[in-house]
>>> print(open('target-v2.tsv').read())   # TSV, C-alpha atoms
chain	number	residue	atom	x	y	z
O	1	MET	CA	235.86	-1.13	111.34
O	2	ASP	CA	234.43	-1.95	107.89
O	3	LYS	CA	234.64	0.64	105.15
O	4	LYS	CA	230.97	0.26	104.13
O	5	VAL	CA	227.99	-1.75	105.36
O	6	TRP	CA	224.38	-2.13	104.22
O	7	ALA	CA	221.52	-1.95	106.72
O	8	GLY	CA	218.13	-3.34	105.71
O	9	ILE	CA	215.06	-2.40	107.75
O	10	ASP	CA	211.81	-4.34	107.58
O	11	ALA	CA	209.43	-1.71	108.98
O	12	GLY	CA	206.35	-2.53	111.05
O	13	LYS	CA	203.83	-0.54	113.06
O	14	GLU	CA	205.32	-1.29	116.46
O	15	ILE	CA	208.46	-3.31	115.71
O	16	HIS	CA	211.13	-3.01	112.98
O	17	TRP	CA	213.77	-5.61	112.21
O	18	ALA	CA	217.28	-4.48	111.27
O	19	HIS	CA	219.83	-6.59	109.40
O	20	VAL	CA	223.35	-5.35	108.56
O	21	LEU	CA	225.72	-6.90	105.98
O	22	ASP	CA	229.33	-6.22	105.07
O	23	ALA	CA	230.71	-6.02	101.52
O	24	SER	CA	230.97	-9.82	101.26
O	25	GLY	CA	227.36	-10.33	102.37
O	26	ALA	CA	228.28	-11.61	105.83
O	27	PRO	CA	225.86	-10.60	108.60
O	28	LEU	CA	227.15	-8.16	111.20
O	29	LEU	CA	223.94	-7.47	113.12
O	30	SER	CA	220.38	-8.71	113.15
O	31	ARG	CA	217.86	-7.63	115.77
O	32	ARG	CA	214.42	-6.22	116.42
O	33	VAL	CA	213.95	-2.61	117.37
O	34	GLU	CA	211.00	-0.78	118.88
O	35	ASN	CA	209.41	1.95	116.76
O	36	ASP	CA	210.24	4.70	119.25
O	37	GLU	CA	212.89	7.39	119.18
O	38	ALA	CA	215.13	6.06	121.95
O	39	ASP	CA	215.43	2.52	120.58
O	40	LEU	CA	215.79	3.69	116.97
O	41	SER	CA	218.51	6.17	117.93
O	42	GLU	CA	220.35	3.41	119.77
O	43	LEU	CA	220.18	1.18	116.69
O	44	ILE	CA	221.45	3.93	114.41
O	45	GLU	CA	224.45	4.63	116.65
O	46	GLU	CA	225.16	0.90	116.91
O	47	VAL	CA	225.17	0.52	113.11
O	48	LEU	CA	227.21	3.68	112.54
O	49	ALA	CA	229.90	2.26	114.84
O	50	LEU	CA	230.32	-0.72	112.49
O	51	ALA	CA	231.63	1.13	109.43
O	52	GLU	CA	232.84	4.37	107.94
O	53	GLU	CA	229.82	4.47	105.62
O	54	VAL	CA	226.32	2.99	105.93
O	55	LEU	CA	223.72	2.64	103.19
O	56	TRP	CA	220.29	2.22	104.72
O	57	ALA	CA	217.47	0.48	102.85
O	58	VAL	CA	213.79	0.42	103.83
O	59	ASP	CA	210.66	-1.18	102.41
O	60	GLN	CA	208.40	1.80	103.18
O	61	PRO	CA	208.90	5.42	102.08
O	62	GLY	CA	206.95	6.75	105.07
O	63	GLY	CA	204.10	5.59	107.30
O	64	SER	CA	205.45	3.36	110.05
O	65	ALA	CA	209.00	4.08	108.88
O	66	ALA	CA	208.55	7.88	109.15
O	67	LEU	CA	210.24	8.24	112.55
O	68	LEU	CA	213.19	6.09	111.50
O	69	LEU	CA	213.62	8.11	108.30
O	70	ALA	CA	213.49	11.41	110.17
O	71	LEU	CA	216.21	10.22	112.57
O	72	LEU	CA	218.40	8.98	109.70
O	73	TRP	CA	218.06	12.23	107.74
O	74	GLU	CA	218.82	14.18	110.89
O	75	ARG	CA	222.18	12.38	110.88
O	76	GLU	CA	222.60	12.99	107.12
O	77	GLN	CA	222.39	9.30	106.29
O	78	LYS	CA	221.69	7.99	102.77
O	79	VAL	CA	218.49	5.92	102.52
O	80	VAL	CA	217.25	3.92	99.53
O	81	TYR	CA	213.82	2.42	98.98
O	82	LEU	CA	213.03	-1.18	98.02
O	83	PRO	CA	209.24	-1.59	97.46
O	84	GLY	CA	207.44	-4.43	99.19
O	85	LEU	CA	206.64	-6.09	95.84
O	86	ALA	CA	210.36	-6.19	95.02
O	87	VAL	CA	211.05	-7.76	98.42
O	88	ASP	CA	208.41	-10.42	97.76
O	89	ARG	CA	209.93	-11.29	94.38
O	90	ALA	CA	213.50	-11.31	95.65
O	91	ARG	CA	212.66	-13.48	98.66
O	92	ASP	CA	212.22	-16.56	96.43
O	93	ALA	CA	215.94	-16.43	95.52
O	94	TYR	CA	217.00	-16.86	99.16
O	95	PRO	CA	217.12	-20.14	101.13
O	96	GLY	CA	214.11	-21.10	103.20
O	97	GLU	CA	210.38	-20.88	102.69
O	98	SER	CA	209.28	-18.97	105.77
O	99	LYS	CA	208.40	-15.28	105.70
O	100	THR	CA	209.74	-13.56	108.79
O	101	ASP	CA	210.73	-9.98	109.61
O	102	ALA	CA	214.35	-11.08	110.07
O	103	ARG	CA	214.44	-12.78	106.67
O	104	ASP	CA	212.85	-9.80	104.93
O	105	ALA	CA	215.33	-7.41	106.55
O	106	HIS	CA	218.15	-9.62	105.27
O	107	VAL	CA	216.68	-9.58	101.75
O	108	ILE	CA	216.36	-5.78	101.85
O	109	ALA	CA	219.97	-5.33	102.99
O	110	ASP	CA	221.34	-7.79	100.44
O	111	GLN	CA	219.37	-6.27	97.57
O	112	ALA	CA	220.68	-2.83	98.52
O	113	ARG	CA	224.20	-4.27	98.58
O	114	MET	CA	223.91	-5.79	95.10
O	115	ARG	CA	221.74	-3.22	93.29
O	116	ALA	CA	222.89	0.26	92.36
O	117	ASN	CA	219.56	1.31	90.79
O	118	LEU	CA	217.44	1.73	93.93
O	119	GLY	CA	215.80	5.14	94.32
O	120	GLU	CA	217.10	7.34	97.11
O	121	LEU	CA	214.66	8.76	99.64
O	122	ALA	CA	215.13	12.41	100.51
O	123	PRO	CA	213.75	14.46	103.42
O	124	THR	CA	210.30	15.82	102.62
O	125	GLU	CA	209.86	19.58	102.73
O	126	GLY	CA	207.35	20.88	105.26
O	127	ASP	CA	204.72	21.88	102.70
O	128	LEU	CA	205.11	18.61	100.78
O	129	ALA	CA	204.65	16.70	104.04
O	130	GLU	CA	201.42	18.62	104.63
O	131	MET	CA	200.26	17.87	101.09
O	132	GLN	CA	201.08	14.20	101.60
O	133	LEU	CA	198.87	14.02	104.71
O	134	LEU	CA	196.03	15.88	102.98
O	135	LEU	CA	196.22	13.57	99.96
O	136	ALA	CA	196.18	10.47	102.17
O	137	ARG	CA	193.12	11.80	103.98
O	138	ARG	CA	191.46	12.62	100.66
O	139	ARG	CA	192.02	9.05	99.42
O	140	ASP	CA	190.40	7.73	102.61
O	141	LEU	CA	187.35	9.98	102.10
O	142	ILE	CA	187.04	8.99	98.43
O	143	THR	CA	187.06	5.32	99.47
O	144	ASP	CA	184.37	5.99	102.10
O	145	GLN	CA	182.31	7.91	99.54
O	146	THR	CA	182.50	5.10	96.97
O	147	ARG	CA	181.49	2.53	99.60
O	148	SER	CA	178.54	4.63	100.80
O	149	ILE	CA	177.26	5.22	97.25
O	150	SER	CA	177.39	1.47	96.60
O	151	ARG	CA	175.40	0.79	99.78
O	152	LEU	CA	172.91	3.53	98.86
O	153	ARG	CA	172.33	1.91	95.45
O	154	ASP	CA	171.80	-1.48	97.07
O	155	ALA	CA	169.25	-0.04	99.50
O	156	LEU	CA	167.46	1.86	96.73
O	157	LEU	CA	167.18	-1.30	94.62
O	158	SER	CA	165.06	-2.86	97.36
O	159	LEU	CA	162.87	0.24	97.49
O	160	PHE	CA	162.74	2.06	94.16
O	161	PRO	CA	164.68	0.27	91.34
O	162	ALA	CA	163.52	2.67	88.63
O	163	LEU	CA	165.05	5.64	90.46
O	164	GLU	CA	168.29	3.74	91.05
O	165	ARG	CA	168.58	3.28	87.27
O	166	ALA	CA	167.54	6.83	86.39
O	167	LEU	CA	169.94	8.91	88.50
O	168	ASP	CA	173.70	9.21	88.85
O	169	PHE	CA	174.46	9.10	92.57
O	170	ASN	CA	177.92	10.54	92.10
O	171	ASN	CA	175.96	13.71	91.37
O	172	LYS	CA	175.12	16.10	94.19
O	173	GLY	CA	171.62	16.70	92.76
O	174	ALA	CA	170.61	13.03	92.88
O	175	LEU	CA	171.89	12.72	96.45
O	176	THR	CA	170.08	15.89	97.51
O	177	LEU	CA	166.83	14.53	96.07
O	178	VAL	CA	166.93	11.12	97.77
O	179	ALA	CA	168.05	12.62	101.06
O	180	ARG	CA	164.56	14.19	101.18
O	181	TYR	CA	162.34	12.03	98.92
O	182	GLN	CA	162.93	8.30	98.68
O	183	THR	CA	159.65	6.64	97.61
O	184	PRO	CA	157.68	6.80	94.34
O	185	ALA	CA	154.56	8.05	96.17
O	186	ALA	CA	156.47	10.89	97.86
O	187	ILE	CA	157.92	12.08	94.54
O	188	ARG	CA	154.55	11.89	92.80
O	189	ARG	CA	152.94	13.92	95.58
O	190	VAL	CA	155.47	16.75	95.43
O	191	GLY	CA	155.26	17.05	91.63
O	192	LEU	CA	157.69	18.39	89.04
O	193	SER	CA	157.41	22.10	89.85
O	194	ARG	CA	157.94	21.86	93.59
O	195	LEU	CA	160.66	19.21	93.21
O	196	THR	CA	162.54	21.45	90.77
O	197	THR	CA	162.20	24.42	93.13
O	198	PHE	CA	163.43	22.28	96.04
O	199	LEU	CA	166.58	21.35	94.11
O	200	LYS	CA	167.21	24.86	92.78
O	201	ASN	CA	166.99	26.28	96.30
O	202	ARG	CA	169.86	23.95	97.20
O	203	SER	CA	172.03	25.12	94.28
O	204	VAL	CA	171.64	21.90	92.29
O	205	LYS	CA	172.76	22.20	88.67
O	206	GLY	CA	170.32	20.79	86.12
O	207	ALA	CA	167.58	20.74	88.75
O	208	GLU	CA	164.70	20.44	86.28
O	209	GLY	CA	166.27	17.52	84.43
O	210	ILE	CA	166.91	15.58	87.65
O	211	ALA	CA	163.38	16.29	88.89
O	212	SER	CA	161.91	15.16	85.55
O	213	LYS	CA	163.85	11.87	85.61
O	214	ALA	CA	162.77	11.22	89.20
O	215	LEU	CA	159.11	11.91	88.43
O	216	SER	CA	159.17	9.64	85.36
O	217	ALA	CA	160.65	6.86	87.49
O	218	ALA	CA	157.98	7.44	90.17
O	219	LYS	CA	155.17	7.20	87.60
O	220	ALA	CA	156.64	3.91	86.35
O	221	GLN	CA	156.41	2.27	89.81
O	222	ARG	CA	153.10	2.08	91.63
O	223	ALA	CA	153.88	-0.98	93.74
O	224	THR	CA	155.06	-0.63	97.34
O	225	LEU	CA	157.97	-2.97	98.08
O	226	PRO	CA	158.47	-4.77	101.43
O	227	ALA	CA	160.22	-2.90	104.27
O	228	GLN	CA	159.74	0.39	102.43
O	229	SER	CA	160.00	2.60	105.50
O	230	VAL	CA	163.22	0.98	106.72
O	231	ALA	CA	164.80	1.09	103.24
O	232	ALA	CA	163.76	4.75	102.82
O	233	SER	CA	165.36	5.65	106.14
O	234	ILE	CA	168.61	3.92	105.16
O	235	VAL	CA	168.67	5.65	101.75
O	236	ALA	CA	168.16	9.07	103.36
O	237	GLU	CA	170.90	8.40	105.92
O	238	LEU	CA	173.40	7.20	103.31
O	239	ALA	CA	172.63	10.12	100.99
O	240	GLY	CA	173.32	12.50	103.87
O	241	GLU	CA	176.61	10.73	104.58
O	242	VAL	CA	177.74	11.01	100.96
O	243	LEU	CA	176.82	14.69	100.78
O	244	ALA	CA	178.83	15.33	103.96
O	245	LEU	CA	181.79	13.40	102.51
O	246	LYS	CA	181.60	15.44	99.30
O	247	GLU	CA	181.72	18.63	101.34
O	248	ARG	CA	184.74	17.43	103.29
O	249	ILE	CA	186.51	16.38	100.07
O	250	GLY	CA	185.76	19.81	98.60
O	251	THR	CA	187.33	21.48	101.65
O	252	LEU	CA	190.44	19.30	101.28
O	253	ASP	CA	190.64	20.11	97.58
O	254	ARG	CA	190.63	23.82	98.34
O	255	GLU	CA	193.42	23.35	100.89
O	256	LEU	CA	195.42	21.29	98.40
O	257	GLN	CA	194.87	23.88	95.68
O	258	GLN	CA	196.16	26.64	97.93
O	259	ARG	CA	199.29	24.70	98.83
O	260	PHE	CA	199.83	23.47	95.27
O	261	PHE	CA	199.79	26.92	93.67
O	262	ALA	CA	202.20	28.18	96.33
O	263	ARG	CA	204.81	25.82	94.86
O	264	PRO	CA	207.18	27.14	92.15
O	265	GLU	CA	206.49	24.09	89.96
O	266	ALA	CA	202.71	24.61	89.98
O	267	ARG	CA	202.65	26.99	86.99
O	268	ILE	CA	204.41	24.37	84.85
O	269	LEU	CA	202.43	21.37	86.08
O	270	ALA	CA	199.05	23.10	85.76
O	271	SER	CA	199.79	24.07	82.15
O	272	LEU	CA	199.88	20.41	81.08
O	273	PRO	CA	196.37	19.39	79.93
O	274	GLY	CA	194.69	17.06	82.41
O	275	MET	CA	197.01	17.93	85.31
O	276	GLY	CA	194.99	19.79	87.95
O	277	PRO	CA	195.89	20.72	91.54
O	278	VAL	CA	195.08	17.30	93.04
O	279	LEU	CA	197.04	15.25	90.48
O	280	GLY	CA	199.76	17.91	90.49
O	281	SER	CA	200.04	17.59	94.27
O	282	GLU	CA	200.23	13.80	93.97
O	283	PHE	CA	203.05	14.24	91.45
O	284	LEU	CA	205.03	16.60	93.69
O	285	VAL	CA	204.68	14.35	96.73
O	286	SER	CA	205.60	11.19	94.78
O	287	VAL	CA	208.58	12.65	92.94
O	288	GLY	CA	210.00	15.02	95.55
O	289	ASP	CA	213.19	16.39	94.00
O	290	LEU	CA	213.21	15.98	90.21
O	291	CYS	CA	217.01	16.17	90.30
O	292	ALA	CA	216.94	12.54	91.47
O	293	PHE	CA	215.85	11.58	87.94
O	294	GLU	CA	218.60	12.23	85.42
O	295	SER	CA	216.34	11.51	82.46
O	296	ALA	CA	212.69	11.15	81.47
O	297	ASP	CA	213.33	7.42	81.08
O	298	ARG	CA	214.32	7.18	84.75
O	299	LEU	CA	211.15	9.01	85.78
O	300	ALA	CA	209.03	6.73	83.55
O	301	ALA	CA	210.68	3.64	85.03
O	302	TYR	CA	210.02	4.93	88.55
O	303	ALA	CA	206.35	5.36	87.59
O	304	GLY	CA	206.19	1.84	86.14
O	305	LEU	CA	205.41	3.10	82.63
O	306	VAL	CA	208.29	1.40	80.79
O	307	PRO	CA	207.22	-1.71	78.82
O	308	ALA	CA	208.76	-4.92	80.12
O	309	ALA	CA	209.96	-7.46	77.55
O	310	HIS	CA	208.22	-10.84	77.69
O	311	ASP	CA	210.02	-12.79	74.97
O	312	SER	CA	210.38	-16.54	74.70
O	313	GLY	CA	212.16	-18.48	71.97
O	314	LYS	CA	211.19	-17.04	68.59
O	315	ARG	CA	208.53	-14.82	70.16
O	316	VAL	CA	210.16	-11.42	70.44
O	317	GLY	CA	208.85	-7.91	70.81
O	318	ASN	CA	206.14	-9.13	73.17
O	319	ASP	CA	206.23	-6.20	75.61
O	320	ARG	CA	203.94	-6.03	78.61
O	321	ARG	CA	203.16	-3.46	81.26
O	322	MET	CA	205.52	-3.28	84.24
O	323	ARG	CA	203.92	-4.58	87.42
O	324	GLY	CA	206.15	-2.51	89.67
O	325	GLY	CA	206.86	1.18	89.97
O	326	ASN	CA	205.33	3.86	92.12
O	327	LYS	CA	201.61	3.11	91.92
O	328	VAL	CA	200.52	6.61	92.92
O	329	LEU	CA	202.73	8.22	90.27
O	330	LYS	CA	201.52	5.74	87.65
O	331	ARG	CA	197.93	6.64	88.48
O	332	VAL	CA	198.75	10.36	88.22
O	333	PHE	CA	200.06	9.97	84.67
O	334	TYR	CA	197.27	7.57	83.67
O	335	GLN	CA	194.43	9.73	85.01
O	336	SER	CA	195.89	12.98	83.66
O	337	ALA	CA	196.35	11.32	80.26
O	338	PHE	CA	192.71	10.23	80.29
O	339	ALA	CA	191.56	13.73	81.28
O	340	SER	CA	193.68	15.29	78.53
O	341	LEU	CA	191.69	13.45	75.84
O	342	ARG	CA	188.87	15.96	76.35
O	343	SER	CA	191.01	19.10	76.48
O	344	SER	CA	194.02	18.46	74.25
O	345	PRO	CA	193.68	17.78	70.49
O	346	GLU	CA	197.28	16.53	70.45
O	347	SER	CA	196.56	13.94	73.14
O	348	ARG	CA	193.40	12.82	71.37
O	349	ALA	CA	195.27	12.49	68.06
O	350	PHE	CA	198.04	10.43	69.70
O	351	TYR	CA	195.49	8.18	71.45
O	352	ASP	CA	193.45	7.69	68.25
O	353	ARG	CA	196.60	6.78	66.30
O	354	LYS	CA	197.48	4.09	68.86
O	355	ARG	CA	193.95	2.73	68.62
O	356	ARG	CA	194.24	2.52	64.83
O	357	GLU	CA	197.50	0.61	65.30
O	358	GLY	CA	195.48	-2.07	67.09
O	359	LYS	CA	196.21	-1.21	70.71
O	360	ARG	CA	193.43	-1.55	73.27
O	361	HIS	CA	192.07	1.43	75.23
O	362	THR	CA	194.28	0.84	78.27
O	363	GLN	CA	197.39	0.23	76.16
O	364	SER	CA	196.78	3.44	74.20
O	365	LEU	CA	196.33	5.45	77.39
O	366	ILE	CA	199.52	4.04	78.89
O	367	ALA	CA	201.40	4.89	75.69
O	368	LEU	CA	200.04	8.44	75.96
O	369	ALA	CA	200.97	8.61	79.65
O	370	ARG	CA	204.52	7.48	78.81
O	371	ARG	CA	204.85	10.16	76.14
O	372	ARG	CA	203.59	12.79	78.58
O	373	VAL	CA	206.37	11.83	81.02
O	374	ASN	CA	208.88	13.02	78.40
O	375	VAL	CA	206.99	16.26	77.88
O	376	LEU	CA	206.58	17.02	81.58
O	377	TRP	CA	210.16	16.13	82.47
O	378	ALA	CA	211.46	18.47	79.75
O	379	MET	CA	209.11	21.25	80.89
O	380	LEU	CA	210.32	20.99	84.48
O	381	ARG	CA	213.96	20.76	83.40
O	382	ASP	CA	213.71	23.88	81.24
O	383	GLY	CA	211.23	25.78	83.43
O	384	THR	CA	208.77	26.17	80.54
O	385	THR	CA	205.01	25.78	80.35
O	386	PHE	CA	203.11	23.57	77.92
O	387	LYS	CA	202.97	24.96	74.38
O	388	SER	CA	200.88	22.27	72.67
O	389	PRO	CA	203.73	20.45	70.91
O	390	PRO	CA	202.69	17.50	68.72
O	391	LEU	CA	202.89	14.20	70.58
O	392	ARG	CA	204.53	11.78	68.20
O	393	GLY	CA	205.43	8.21	68.77
>>> encode(input="target-v2.tsv", output="structure tokens")
Amino acid sequence: MDKKVWAGIDAGKEIHWAHVLDASGAPLLSRRVENDEADLSELIEEVLALAEEVLWAVDQPGGSAALLLALLWEREQKVVYLPGLAVDRARDAYPGESKTDARDAHVIADQARMRANLGELAPTEGDLAEMQLLLARRRDLITDQTRSISRLRDALLSLFPALERALDFNNKGALTLVARYQTPAAIRRVGLSRLTTFLKNRSVKGAEGIASKALSAAKAQRATLPAQSVAASIVAELAGEVLALKERIGTLDRELQQRFFARPEARILASLPGMGPVLGSEFLVSVGDLCAFESADRLAAYAGLVPAAHDSGKRVGNDRRMRGGNKVLKRVFYQSAFASLRSSPESRAFYDRKRREGKRHTQSLIALARRRVNVLWAMLRDGTTFKSPPLRG
């Protein structure tokens, strides 16, 4: 029996491929396995019989690998994560040009064998698992909402271009209006007073301003465009869909908020400007146990916020953004940094200083996000809330 082996799993929806290597890199096992409990349990026992210690490596932190991970954690096995992008990059260093599940499983196992810096996956707590599912559903609904708004704008352009330009259809008021009135003639007939009352009765903020913009657009277009009735019907239907999606997203946000503030870390996270319940929940789900990150630098590297050197010859100091890292966590820090520009004078001052140094908008925001990693990590380490320290860099 070997002392230690490395098992790489290329996870798929129905089929996984497992590849096991010994300390010298020699293959001990390579086979497909069904994504069901019986077959996965059989594989795990088969691999455990090969060595005293097994290090498992997967290319997915959940999803189709969720059942496998649960079975491994049930047996107190150590599992590390190698992102798919890292697998793609590493594959070029191995013989052959084909991309197969067996080859990818071999790459995963061999990378785990050679690299000591892969992040360990830990069992997700019950409430974090619930938050993870709610966040995934919320992302789906946001995508559907964005797609429906785009289609609504396209339909409105063929019907009432002036109104499409005048209103913001991310706004509930604009959607409420076009769900009922879609044509210039209909808006002119109802008039400013009744249109304002209609919107106010539906709890629309800024009802009079929206009604005024709509009426001005209606007065600017007297022509009736082709297929008006069909286009109007489509606009009304899409507006109704978006309003329903907004309501469902609002319900999810309230559920997330409730679960977020039940967490002990919520008080600290929410004190950081720009970090609300949704982004805070994303952070908790992405990071899991902060003890896995021994320093703020490790957390920043995991989020992909550490500049990567791109030097050549005499050209040095040419740092670029990392392409890897946890994309969700990177977005959390980026979006919260952007939001903090409106609420935190310190963040605004840091951002403005980077702009004066010649950095572009995105570069300045990423620099701010990186600095906020240090602040947040220290807050969580010490159990303290944000006290508006100066952000220097």
>>> atom_distance(input="target-v2.tsv", atom1="atom CA of Thr183 of chain O", atom2="atom CA of Ile142 of chain O")
27.5 Å
>>> closest_residue(input="target-v2.tsv", among="O:Ala166, O:Leu215, O:Ala23, O:Ile149", to="Val235 of chain O", atoms="all atoms listed in the file")
O:Ile149
>>> closest_residue(input="target-v2.tsv", among="O:Ala239, O:Ala105, O:Ala185, O:Ala174", to="Gly209 of chain O", atoms="only C-alpha atoms")
O:Ala174
>>> atom_distance(input="target-v2.tsv", atom1="atom CA of Ala11 of chain O", atom2="atom CA of Leu121 of chain O")
15.0 Å
>>> residues_around(input="target-v2.tsv", residues="Asp352 of chain O", least_positions_apart="3", cutoff="10 Å", atoms="all atoms listed in the file", output="JSON, numbers by chain")
{"O": [341, 346, 347, 348, 349, 355, 356, 357, 359, 361, 364, 365]}
>>> closest_residue(input="target-v2.tsv", among="O:Val373, O:Ala90, O:Val178, O:Leu380", to="Tyr302 of chain O", atoms="all atoms listed in the file")
O:Val373
>>> atom_distance(input="target-v2.tsv", atom1="atom CA of Glu76 of chain O", atom2="atom CA of Ala122 of chain O")
10.0 Å
>>> closest_atom_pairs(input="target-v2.tsv", of="segment 114-216 of chain O", to="segment 260-264 of chain O", cutoff="10 Å", atoms="only C-alpha atoms", output="tab-separated table")
residue	atom	partner	partner_atom	distance
O:Asp127	CA	O:Arg263	CA	8.8
O:Leu128	CA	O:Phe260	CA	9.0
O:Met131	CA	O:Phe260	CA	8.1
>>> closest_residue(input="target-v2.tsv", among="O:Ser271, O:Ser233, O:Thr251, O:Gln77", to="Gly383 of chain O", atoms="all atoms listed in the file")
O:Ser271
>>> residues_around(input="target-v2.tsv", residues="Ser212 of chain O", least_positions_apart="2", cutoff="10 Å", atoms="all atoms listed in the file", output="VMD selection string")
chain O and resid 191 to 193 195 to 196 207 to 210 214 to 218
>>> write_last_selection(input="target-v2.tsv", atoms="C-alpha atoms", output="CSV table (one decimal), in the coordinates of the input")
chain,number,residue,atom,x,y,z
O,191,GLY,CA,155.3,17.0,91.6
O,192,LEU,CA,157.7,18.4,89.0
O,193,SER,CA,157.4,22.1,89.8
O,195,LEU,CA,160.7,19.2,93.2
O,196,THR,CA,162.5,21.4,90.8
O,207,ALA,CA,167.6,20.7,88.8
O,208,GLU,CA,164.7,20.4,86.3
O,209,GLY,CA,166.3,17.5,84.4
O,210,ILE,CA,166.9,15.6,87.6
O,214,ALA,CA,162.8,11.2,89.2
O,215,LEU,CA,159.1,11.9,88.4
O,216,SER,CA,159.2,9.6,85.4
O,217,ALA,CA,160.6,6.9,87.5
O,218,ALA,CA,158.0,7.4,90.2
>>> residues_near_point(input="target-v2.tsv", point="(165.2, 5.0, 105.7)", cutoff="12 Å", atoms="only C-alpha atoms", output="MDAnalysis selection string")
chainID O and resid 152 155:156 158:159 178:183 227:240
>>> closest_residue(input="target-v2.tsv", among="O:Leu85, O:Ile44, O:Ala102, O:Ala369", to="Trp17 of chain O", atoms="only C-alpha atoms")
O:Ala102
>>> residues_around(input="target-v2.tsv", residues="segment 285-295 of chain O", least_positions_apart="3", cutoff="7 Å", atoms="only C-alpha atoms", output="ChimeraX atom specification")
/O:128,132,281-282,298-299,329
>>> closest_residue(input="target-v2.tsv", among="O:Leu163, O:Arg31, O:Asn170, O:Arg202", to="Pro184 of chain O", atoms="all atoms listed in the file")
O:Leu163
>>> axis_aligned_box(input="target-v2.tsv", around="segment 6-23 of chain O", padding_each_side="8 Å", output="AutoDock Vina command-line options")
--center_x 217.3 --center_y -3.7 --center_z 109.0 --size_x 42.9 --size_y 22.4 --size_z 30.9
>>> residues_around(input="target-v2.tsv", residues="Arg103 of chain O", least_positions_apart="2", cutoff="9 Å", atoms="only C-alpha atoms", output="VMD selection string")
chain O and resid 10 19 91 94 98 to 101 105 to 108
>>> decode(input="target-v2.tsv", residues="segment 1-48 of chain O", atoms="C-alpha atoms", output="compact mmCIF listing (two decimals), in the first residue's frame")
# COMPACT_ATOMS: atom_id res chain seq x y z
CA MET O 1 0.00 0.00 0.00
CA ASP O 2 1.30 3.46 -0.94
CA LYS O 3 1.78 6.06 1.76
CA LYS O 4 -0.03 8.82 -0.18
CA VAL O 5 -1.84 9.08 -3.51
CA TRP O 6 -3.53 11.91 -5.40
CA ALA O 7 -6.99 11.44 -6.93
CA GLY O 8 -8.13 13.87 -9.62
CA ILE O 9 -11.83 14.03 -10.53
CA ASP O 10 -13.09 15.60 -13.73
CA ALA O 11 -16.73 16.19 -12.76
CA GLY O 12 -19.63 16.02 -15.20
CA LYS O 13 -23.40 16.09 -14.92
CA GLU O 14 -23.92 12.35 -15.32
CA ILE O 15 -20.40 10.92 -15.48
CA HIS O 16 -17.17 11.76 -13.60
CA TRP O 17 -13.72 10.50 -14.50
CA ALA O 18 -11.29 9.57 -11.73
CA HIS O 19 -7.51 9.34 -12.12
CA VAL O 20 -5.18 8.34 -9.26
CA LEU O 21 -1.39 8.91 -9.15
CA ASP O 22 1.30 7.80 -6.72
CA ALA O 23 4.14 10.00 -5.43
CA SER O 24 6.21 9.42 -8.58
CA GLY O 25 3.33 10.38 -10.88
CA ALA O 26 2.64 6.81 -12.01
CA PRO O 27 -1.05 6.03 -12.64
CA LEU O 28 -2.72 3.62 -10.23
CA LEU O 29 -6.32 3.91 -11.41
CA SER O 30 -8.24 5.60 -14.19
CA ARG O 31 -11.93 5.01 -14.79
CA ARG O 32 -15.32 6.58 -15.27
CA VAL O 33 -17.84 6.69 -12.48
CA GLU O 34 -21.57 7.37 -12.48
CA ASN O 35 -22.74 10.45 -10.59
CA ASP O 36 -24.82 8.43 -8.13
CA GLU O 37 -24.19 7.52 -4.51
CA ALA O 38 -23.56 3.80 -4.97
CA ASP O 39 -20.96 4.14 -7.73
CA LEU O 40 -19.25 7.12 -6.07
CA SER O 41 -19.04 5.28 -2.74
CA GLU O 42 -17.52 2.29 -4.51
CA LEU O 43 -14.89 4.53 -6.13
CA ILE O 44 -14.02 6.18 -2.84
CA GLU O 45 -13.50 2.84 -1.09
CA GLU O 46 -11.44 1.59 -4.03
CA VAL O 47 -9.14 4.64 -3.87
CA LEU O 48 -8.87 4.55 -0.07
